[in-house]
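**Student:** Data file target_23.cif (mmCIF, C-alpha atoms) is appended below.
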```cif
data_structure
loop_
_atom_site.label_atom_id
_atom_site.label_comp_id
_atom_site.auth_asym_id
_atom_site.auth_seq_id
_atom_site.Cartn_x
_atom_site.Cartn_y
_atom_site.Cartn_z
CA MET A 24 -3.80 8.71 -66.78
CA THR A 25 -5.88 8.91 -63.66
CA VAL A 26 -4.70 7.17 -60.50
CA VAL A 27 -7.42 6.13 -58.10
CA THR A 28 -6.43 5.62 -54.47
CA SER A 29 -8.84 3.74 -52.23
CA VAL A 30 -9.03 5.02 -48.67
CA PRO A 31 -10.46 2.61 -46.05
CA SER A 32 -13.58 3.82 -44.42
CA THR A 33 -13.50 5.09 -40.87
CA GLY A 34 -15.83 2.34 -39.69
CA ALA A 35 -13.58 -0.37 -41.07
CA ALA A 36 -10.52 1.17 -39.37
CA LYS A 37 -12.32 1.33 -36.05
CA GLY A 38 -13.41 -2.27 -36.40
CA ALA A 39 -9.86 -3.42 -37.14
CA ARG A 40 -8.40 -1.88 -33.98
CA PRO A 41 -10.44 -3.92 -31.42
CA ALA A 42 -9.72 -7.04 -33.44
CA ALA A 43 -5.98 -6.33 -33.25
CA ARG A 44 -6.26 -5.68 -29.54
CA ARG A 45 -8.12 -8.94 -28.99
CA ALA A 46 -5.50 -10.78 -30.98
CA GLY A 47 -2.72 -9.25 -28.88
CA ARG A 48 -4.49 -10.12 -25.69
CA SER A 49 -5.18 -13.70 -26.76
CA GLN A 50 -1.52 -14.25 -27.56
CA GLY A 51 -0.36 -13.31 -24.05
CA TRP A 52 -3.28 -14.60 -21.98
CA TRP A 53 -1.05 -17.16 -20.24
CA LEU A 54 1.53 -14.67 -18.91
CA PRO A 55 -0.32 -13.56 -15.71
CA TYR A 56 -1.06 -17.19 -14.82
CA ALA A 57 2.56 -18.17 -15.44
CA LEU A 58 3.78 -15.40 -13.14
CA LEU A 59 1.34 -16.41 -10.41
CA ALA A 60 1.99 -20.15 -10.73
CA PRO A 61 5.18 -20.31 -8.58
CA ALA A 62 3.57 -18.37 -5.73
CA VAL A 63 0.41 -20.49 -5.88
CA LEU A 64 2.46 -23.69 -5.96
CA LEU A 65 4.55 -22.68 -2.96
CA GLU A 66 1.41 -21.64 -1.08
CA LEU A 67 -0.13 -25.05 -1.73
CA VAL A 68 2.98 -26.97 -0.69
CA ILE A 69 3.93 -24.89 2.35
CA HIS A 70 0.53 -23.92 3.79
CA VAL A 71 -2.51 -25.57 2.23
CA LEU A 72 -1.33 -29.19 2.09
CA PRO A 73 0.07 -29.22 5.68
CA MET A 74 -3.14 -27.59 6.90
CA LEU A 75 -5.30 -30.20 5.19
CA THR A 76 -3.05 -32.95 6.53
CA GLY A 77 -3.42 -31.58 10.05
CA ILE A 78 -7.21 -31.50 9.71
CA TRP A 79 -7.17 -35.12 8.51
CA MET A 80 -4.92 -36.15 11.41
CA SER A 81 -7.31 -34.57 13.92
CA PHE A 82 -9.89 -37.25 13.11
CA LEU A 83 -7.45 -40.13 13.76
CA ARG A 84 -6.12 -41.88 16.84
CA LEU A 85 -2.63 -41.13 15.64
CA THR A 86 -0.34 -42.14 18.50
CA LYS A 87 3.21 -43.45 18.62
CA PHE A 88 1.99 -46.91 17.62
CA PHE A 89 1.01 -45.68 14.15
CA ILE A 90 3.88 -43.29 13.35
CA LYS A 91 5.28 -45.58 10.66
CA ASN A 92 1.93 -46.03 8.94
CA TRP A 93 -0.49 -43.16 9.36
CA ALA A 94 -3.08 -44.81 7.14
CA ALA A 95 -3.38 -47.67 9.61
CA ALA A 96 -4.40 -45.35 12.45
CA PRO A 97 -8.03 -45.98 13.46
CA SER A 98 -10.60 -43.27 13.06
CA ALA A 99 -11.38 -41.21 16.16
CA GLY A 100 -14.30 -39.22 14.81
CA LEU A 101 -14.82 -36.19 17.01
CA ARG A 102 -13.22 -37.82 20.04
CA ASN A 103 -10.10 -35.64 19.93
CA TYR A 104 -12.21 -32.48 19.75
CA ARG A 105 -14.45 -33.60 22.62
CA LEU A 106 -11.39 -34.40 24.68
CA ALA A 107 -9.83 -30.99 23.99
CA LEU A 108 -13.06 -29.13 24.75
CA ASP A 109 -13.94 -31.07 27.91
CA PHE A 110 -12.83 -28.43 30.41
CA ASN A 111 -13.75 -30.63 33.37
CA ALA A 112 -11.15 -33.21 32.36
CA ALA A 113 -7.40 -32.76 32.79
CA VAL A 114 -6.61 -32.32 29.09
CA GLY A 115 -9.33 -29.77 28.41
CA HIS A 116 -8.67 -27.85 31.63
CA ALA A 117 -4.96 -27.58 30.80
CA LEU A 118 -5.79 -26.37 27.29
CA LEU A 119 -8.20 -23.75 28.68
CA GLN A 120 -5.57 -22.47 31.12
CA SER A 121 -3.04 -22.26 28.31
CA PHE A 122 -5.57 -20.42 26.12
CA LEU A 123 -6.29 -17.84 28.85
CA VAL A 124 -2.56 -17.29 29.45
CA THR A 125 -2.07 -16.79 25.70
CA CYS A 126 -4.94 -14.29 25.49
CA ALA A 127 -3.49 -12.20 28.32
CA TYR A 128 -0.03 -12.51 26.78
CA ALA A 129 -1.20 -11.38 23.32
CA VAL A 130 -3.24 -8.43 24.57
CA ILE A 131 -0.45 -7.09 26.79
CA VAL A 132 2.35 -7.59 24.27
CA VAL A 133 0.43 -6.06 21.36
CA GLY A 134 -0.81 -3.12 23.45
CA VAL A 135 2.53 -2.24 25.05
CA SER A 136 4.44 -2.78 21.80
CA TRP A 137 2.07 -0.45 19.96
CA VAL A 138 2.41 2.25 22.63
CA PHE A 139 6.21 2.04 22.59
CA GLY A 140 6.33 1.98 18.80
CA MET A 141 3.97 4.94 18.45
CA ALA A 142 5.85 7.00 21.05
CA ALA A 143 9.22 6.33 19.41
CA ALA A 144 7.86 7.03 15.90
CA VAL A 145 6.32 10.35 16.96
CA VAL A 146 9.47 11.47 18.78
CA LEU A 147 11.72 10.53 15.86
CA GLN A 148 9.44 12.15 13.31
CA ARG A 149 11.05 15.52 13.97
CA SER A 150 14.59 16.13 12.81
CA PHE A 151 17.31 16.49 15.46
CA ARG A 152 20.95 15.63 15.84
CA GLY A 153 21.52 11.90 16.27
CA ARG A 154 18.12 10.81 14.94
CA PRO A 155 19.56 8.20 12.50
CA TRP A 156 21.50 6.62 15.36
CA PHE A 157 18.38 6.28 17.50
CA ARG A 158 16.46 4.76 14.58
CA THR A 159 19.18 2.17 14.09
CA LEU A 160 19.42 1.44 17.81
CA PHE A 161 15.66 0.91 18.16
CA LEU A 162 15.63 -1.58 15.29
CA VAL A 163 18.40 -3.78 16.71
CA PRO A 164 16.06 -6.17 18.62
CA TYR A 165 14.02 -6.73 15.46
CA ALA A 166 17.14 -7.30 13.34
CA LEU A 167 18.68 -9.84 15.73
CA PRO A 168 17.96 -13.55 15.13
CA VAL A 169 15.24 -14.78 17.44
CA TYR A 170 17.31 -17.53 19.02
CA ALA A 171 20.31 -15.29 19.65
CA GLY A 172 18.22 -12.62 21.35
CA VAL A 173 16.10 -14.97 23.49
CA ILE A 174 19.09 -17.08 24.56
CA THR A 175 20.79 -13.89 25.72
CA TRP A 176 17.71 -13.06 27.80
CA ASN A 177 17.78 -16.59 29.21
CA PHE A 178 21.31 -16.03 30.49
CA MET A 179 20.40 -12.60 31.85
CA LEU A 180 17.38 -13.96 33.76
CA GLN A 181 19.22 -16.76 35.56
CA ARG A 182 18.80 -16.60 39.33
CA ASP A 183 22.42 -16.97 40.46
CA THR A 184 24.48 -15.83 37.48
CA GLY A 185 22.07 -13.52 35.64
CA VAL A 186 22.78 -9.84 35.23
CA ILE A 187 19.16 -8.89 36.06
CA ASN A 188 19.35 -10.20 39.64
CA HIS A 189 22.88 -8.87 39.99
CA LEU A 190 21.66 -5.40 39.06
CA LEU A 191 18.38 -5.36 40.99
CA ALA A 192 19.40 -7.26 44.11
CA ASP A 193 23.14 -6.62 44.51
CA ASN A 194 23.75 -3.19 43.01
CA LEU A 195 20.49 -1.24 43.31
CA ARG A 196 19.20 -3.14 46.37
CA LEU A 197 15.66 -3.04 44.99
CA LEU A 198 15.10 -6.70 45.88
CA SER A 199 15.84 -8.33 49.22
CA GLU A 200 16.66 -11.68 47.61
CA ARG A 201 17.30 -13.11 44.17
CA PRO A 202 13.99 -14.26 42.63
CA PHE A 203 13.50 -17.02 40.10
CA TRP A 204 12.53 -15.37 36.81
CA LEU A 205 12.13 -18.48 34.66
CA ILE A 206 9.89 -20.56 36.94
CA GLY A 207 6.78 -19.85 38.96
CA SER A 208 4.59 -16.82 38.46
CA ASN A 209 7.57 -14.64 37.49
CA ALA A 210 7.88 -16.64 34.26
CA PHE A 211 4.94 -14.74 32.78
CA VAL A 212 6.61 -11.39 33.50
CA SER A 213 9.85 -12.59 31.93
CA LEU A 214 7.99 -13.83 28.88
CA LEU A 215 6.24 -10.47 28.50
CA VAL A 216 9.48 -8.50 28.76
CA VAL A 217 11.25 -10.62 26.15
CA ALA A 218 8.28 -10.59 23.75
CA ILE A 219 7.79 -6.83 24.02
CA TRP A 220 11.53 -6.29 23.52
CA ARG A 221 11.28 -8.30 20.29
CA MET A 222 7.96 -6.95 18.99
CA TRP A 223 7.92 -3.20 19.62
CA PRO A 224 10.64 -2.37 17.03
CA PHE A 225 8.35 -3.85 14.35
CA ALA A 226 5.53 -1.55 15.48
CA PHE A 227 7.98 1.34 15.50
CA LEU A 228 9.14 0.55 11.96
CA MET A 229 5.61 0.32 10.55
CA LEU A 230 4.35 3.45 12.28
CA MET A 231 7.45 5.43 11.37
CA ALA A 232 6.89 4.49 7.72
CA GLY A 233 3.24 5.52 8.00
CA LEU A 234 4.12 8.89 9.52
CA GLN A 235 6.28 9.73 6.53
CA SER A 236 3.09 10.22 4.48
CA VAL A 237 1.66 12.83 6.87
CA PRO A 238 2.30 16.32 5.44
CA GLN A 239 4.27 18.58 7.73
CA ASP A 240 2.13 21.52 6.64
CA VAL A 241 -0.82 20.05 8.52
CA TYR A 242 1.09 20.15 11.81
CA GLU A 243 2.27 23.69 11.13
CA ALA A 244 -1.27 24.88 10.37
CA SER A 245 -2.63 23.24 13.52
CA ALA A 246 0.14 24.84 15.61
CA VAL A 247 -0.85 28.24 14.26
CA ASP A 248 -4.43 27.52 15.34
CA GLY A 249 -3.17 26.79 18.86
CA ALA A 250 -3.27 22.97 18.88
CA HIS A 251 -0.85 21.47 21.39
CA ALA A 252 1.19 18.30 20.84
CA PHE A 253 -1.36 15.85 22.25
CA ARG A 254 -4.19 17.44 20.25
CA GLN A 255 -2.10 17.17 17.08
CA TRP A 256 -1.42 13.50 17.80
CA ARG A 257 -5.09 12.73 18.49
CA SER A 258 -6.61 14.78 15.66
CA ILE A 259 -3.95 14.47 12.95
CA THR A 260 -1.53 11.63 13.55
CA LEU A 261 -3.98 8.90 14.58
CA PRO A 262 -6.45 9.49 11.70
CA MET A 263 -3.63 9.74 9.17
CA VAL A 264 -2.00 6.44 10.18
CA ARG A 265 -5.26 4.57 10.74
CA PRO A 266 -4.79 2.29 7.69
CA VAL A 267 -1.36 1.33 9.03
CA ASN A 268 -2.76 0.69 12.51
CA VAL A 269 -5.51 -1.56 11.16
CA VAL A 270 -3.03 -3.89 9.50
CA LEU A 271 -0.37 -3.55 12.20
CA VAL A 272 -2.59 -4.56 15.12
CA LEU A 273 -3.97 -7.58 13.27
CA VAL A 274 -0.56 -8.81 12.14
CA MET A 275 0.99 -8.38 15.59
CA PHE A 276 -1.91 -10.18 17.26
CA LEU A 277 -1.62 -13.17 14.91
CA TRP A 278 2.15 -13.32 15.33
CA VAL A 279 2.06 -13.04 19.10
CA PHE A 280 -0.81 -15.47 19.58
CA ASN A 281 1.04 -18.07 17.49
CA ASP A 282 4.40 -17.36 19.14
CA PHE A 283 6.37 -20.54 19.71
CA ASN A 284 10.03 -19.57 19.50
CA THR A 285 10.07 -17.21 22.47
CA PRO A 286 8.74 -19.62 25.15
CA TYR A 287 10.57 -22.60 23.63
CA VAL A 288 13.98 -20.94 23.69
CA LEU A 289 13.37 -19.14 26.99
CA PHE A 290 12.03 -22.07 29.03
CA GLY A 291 13.00 -25.19 27.11
CA THR A 292 10.65 -28.15 26.79
CA SER A 293 9.44 -27.93 30.41
CA GLN A 294 7.69 -24.59 30.45
CA PRO A 295 6.09 -23.32 33.69
CA PRO A 296 2.27 -23.01 33.81
CA ALA A 297 2.57 -19.21 33.82
CA GLY A 298 4.41 -19.35 30.48
CA ASP A 299 2.41 -22.15 28.86
CA LEU A 300 1.35 -20.54 25.59
CA VAL A 301 -1.12 -22.42 23.46
CA SER A 302 1.30 -23.08 20.57
CA PHE A 303 3.80 -24.54 23.04
CA HIS A 304 1.02 -26.52 24.71
CA ILE A 305 0.05 -28.05 21.37
CA TYR A 306 3.68 -28.94 20.73
CA ASN A 307 3.91 -30.78 24.05
CA ALA A 308 0.61 -32.55 23.45
CA SER A 309 1.90 -33.77 20.08
CA PHE A 310 5.59 -34.52 20.53
CA LEU A 311 5.96 -35.27 24.24
CA THR A 312 2.87 -37.45 24.70
CA TRP A 313 3.02 -38.72 21.09
CA ASN A 314 -0.69 -38.06 20.58
CA PHE A 315 -0.61 -36.35 17.22
CA GLY A 316 -4.35 -36.71 16.69
CA LEU A 317 -5.12 -34.72 19.83
CA GLY A 318 -2.45 -32.15 19.00
CA SER A 319 -3.89 -31.74 15.50
CA ALA A 320 -7.38 -31.21 16.93
CA MET A 321 -6.01 -28.48 19.20
CA SER A 322 -4.32 -26.87 16.20
CA VAL A 323 -7.55 -26.87 14.21
CA LEU A 324 -9.39 -25.27 17.13
CA LEU A 325 -6.69 -22.61 17.32
CA LEU A 326 -7.04 -21.98 13.57
CA LEU A 327 -10.81 -21.60 13.88
CA PHE A 328 -10.42 -19.18 16.78
CA LEU A 329 -7.95 -16.99 14.89
CA LEU A 330 -10.16 -17.00 11.80
CA LEU A 331 -13.12 -15.95 13.93
CA VAL A 332 -11.19 -13.15 15.62
CA THR A 333 -9.81 -11.94 12.28
CA GLY A 334 -13.26 -11.91 10.68
CA ILE A 335 -14.84 -10.01 13.58
CA TYR A 336 -11.96 -7.54 13.63
CA LEU A 337 -12.21 -6.81 9.90
CA VAL A 338 -16.00 -6.42 10.07
CA VAL A 339 -15.77 -3.95 12.96
CA VAL A 340 -12.98 -1.99 11.27
CA ASN A 341 -14.87 -1.78 7.98
CA ARG A 342 -18.02 -0.56 9.69
CA ARG A 343 -16.10 2.18 11.48
CA SER A 344 -14.45 3.19 8.22
CA ARG A 345 -17.83 3.54 6.51
CA ARG A 346 -19.19 5.64 9.36
CA ALA A 347 -16.15 7.89 9.24
#
```
Show how you would write the structure in this file as structure tokens.

**Tutor:**
Amino acid sequence: MTVVTSVPSTGAAKGARPAARRAGRSQGWWLPYALLAPAVLLELVIHVLPMLTGIWMSFLRLTKFFIKNWAAAPSAGLRNYRLALDFNAAVGHALLQSFLVTCAYAVIVVGVSWVFGMAAAVVLQRSFRGRPWFRTLFLVPYALPVYAGVITWNFMLQRDTGVINHLLADNLRLLSERPFWLIGSNAFVSLLVVAIWRMWPFAFLMLMAGLQSVPQDVYEASAVDGAHAFRQWRSITLPMVRPVNVVLVLVMFLWVFNDFNTPYVLFGTSQPPAGDLVSFHIYNASFLTWNFGLGSAMSVLLLLFLLLVTGIYLVVVNRRSRRA
């Protein structure tokens, strides 16, 4: 008896495999969307919906008379935007002054924080006794709760009972009298010191993580060729950590420009003109004068400015990356 065994052709086998793959893919097509759904939902609830609500409020005359029923607030058109951008009027002039103070504040804080963070990361890149202790110590300001740290600075900067004046005026005799650090022009200096104290550990943490990817062999080879420490930093370290710097500078600028907690905790609700950051200015325009329509218009203008700066920054960075 002869037994005949049929063997499937090679073409049929190859055709069955893609069909099986398509069937497997079609069965689990919903899984990526299901995993992304919670994040998308939270993004909509926490960010997108409040942003759209704020844009809608900016076109209303939403004052304290319409708090109970927002829908009854009359339309303002572009009146709130014209009022905020009229720099000859009191409201627009105050917003412009706050914007300029915030720009100077953001540039100084980001620049100084980056310099401190880079210096500390480079120094702690090399192994020496006590390095883990210094790393932990430098990260303490970043690990502390914002309110706890800023309230401590508020106590330290008091004129009569603060430790800063006691040290500078009484012990070291560097000052002839005790200055006011939380009012007047000195408020801007105090705000800078507190913000840099809070922000530079974040720059240090990011740059230190970026430096871990730089091979030590590159530094050793450059040292053999006679490159000194500054030349190594300029020719090796900076190019190697450039992707980290691109993201770090942008994130720090957005955080600092939107900073509200630091001036609010440091100065309270009555901030001095030298410490009137734009986020705090918008808060006062909304919740102290009860003009939520005007405050929303200021918030939308701030959003547009930050989007513009972010777009220009990314375009410039990408062009430089292509040239390199």

**Student:** Nearest residue to Val130 in chain A out of A:Val279, A:Ala117, A:Ser208, A:Asp193, using only C-alpha atoms?

**Tutor:**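 Going through A:Val279, A:Ala117, A:Ser208, A:Asp193 one by one, the smallest distance to Val130 in chain A is for A:Val279.
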
**Student:** Show me, as number ranges by chain, the residues that have an atom within 6 Å of range 298-303 of chain A when counting all atoms listed in the file, minus same-chain residues fewer than 5 positions from it.

**Tutor:** A: 121-122, 125, 210-211, 281, 283

**Student:** Carefully work through the PyMOL selection byres ((chain A and resi 321) around 12) for this structure and note down the residues it includes, as an NGL selection string.

**Tutor:** :A and (77-78 or 80-82 or 101-108 or 114-115 or 117-119 or 121-122 or 301-309 or 314-320 or 322-328)

**Student:** From the set A:Asn268, A:Gln181, A:Thr292, A:Thr333, which residue has the shortest atom-to-atom contact distance to Val133 in chain A, counting only C-alpha atoms?

**Tutor:**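 The closest residue to Val133 in chain A is A:Asn268.
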
**Student:** In Å to one decimal, how far is CA of Asn341 in chain A from CA of Val270 in chain A?

**Tutor:**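 Going from CA of Val270 in chain A over to CA of Asn341 in chain A covers 12.1 Å.
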
**Student:** Excluding Leu261 in chain A and residues on its chain fewer than 5 positions from it, collect all residues at most 12 Å away from it, counting all atoms listed in the file, and give them as a CSV table (one decimal) with C-alpha atoms, in the frame of the given file.

**Tutor:**
```csv
chain,number,residue,atom,x,y,z
A,141,MET,CA,4.0,4.9,18.4
A,142,ALA,CA,5.8,7.0,21.0
A,145,VAL,CA,6.3,10.4,17.0
A,230,LEU,CA,4.4,3.4,12.3
A,233,GLY,CA,3.2,5.5,8.0
A,234,LEU,CA,4.1,8.9,9.5
A,237,VAL,CA,1.7,12.8,6.9
A,253,PHE,CA,-1.4,15.8,22.2
A,254,ARG,CA,-4.2,17.4,20.2
A,255,GLN,CA,-2.1,17.2,17.1
A,256,TRP,CA,-1.4,13.5,17.8
A,266,PRO,CA,-4.8,2.3,7.7
A,267,VAL,CA,-1.4,1.3,9.0
A,268,ASN,CA,-2.8,0.7,12.5
A,269,VAL,CA,-5.5,-1.6,11.2
```

**Student:** Contacts of Trp137 in chain A at 10 Å or less, counting all atoms listed in the file, minus same-chain residues fewer than 4 places along, as a VMD selection string?

**Tutor:** chain A and resid 131 to 133 141 to 143 219 222 to 227 230 268 271 to 272 275

**Student:** Can you measure CA of Ser213 in chain A to CA of Gly291 in chain A for me? One decimal in Å is fine.

**Tutor:**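 Computing it gives 13.9 Å between the two atoms.
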
**Student:** Once the PyMOL selection byres ((chain A and resi 163-173) around 12) is applied to the coordinates I shared, what remains selected? I want it as a ChimeraX atom specification.

**Tutor:** /A:156-162,174-180,213-228,282-291

**Student:** (15.0, -16.7, 37.7) in this file's frame - what residues fall within 8 Å of it? Use all atoms listed in the file and give the answer as a PyMOL selection string.

**Tutor:** chain A and resi 180-183+201-206+209-210

**Student:** In Å, rounded to a single decimal, give me how far CA of Trp278 in chain A is from CA of Ala112 in chain A.

**Tutor:**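 Atom-to-atom, CA of Ala112 in chain A and CA of Trp278 in chain A are spaced 29.4 Å apart.
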
**Student:** Which of these residues is nearest to Ser98 in chain A, using only C-alpha atoms: A:Leu85, A:Leu311, A:Ala250, A:Leu198?

**Tutor:**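 Of the candidates, the smallest distance to Ser98 in chain A is held by A:Leu85.
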
**Student:** So which residues touch Pro97 in chain A within 10 Å, counting all atoms listed in the file, skipping near sequence neighbours fewer than 4 positions away, as a PyMOL selection string?

**Tutor:** chain A and resi 82-86+89+93
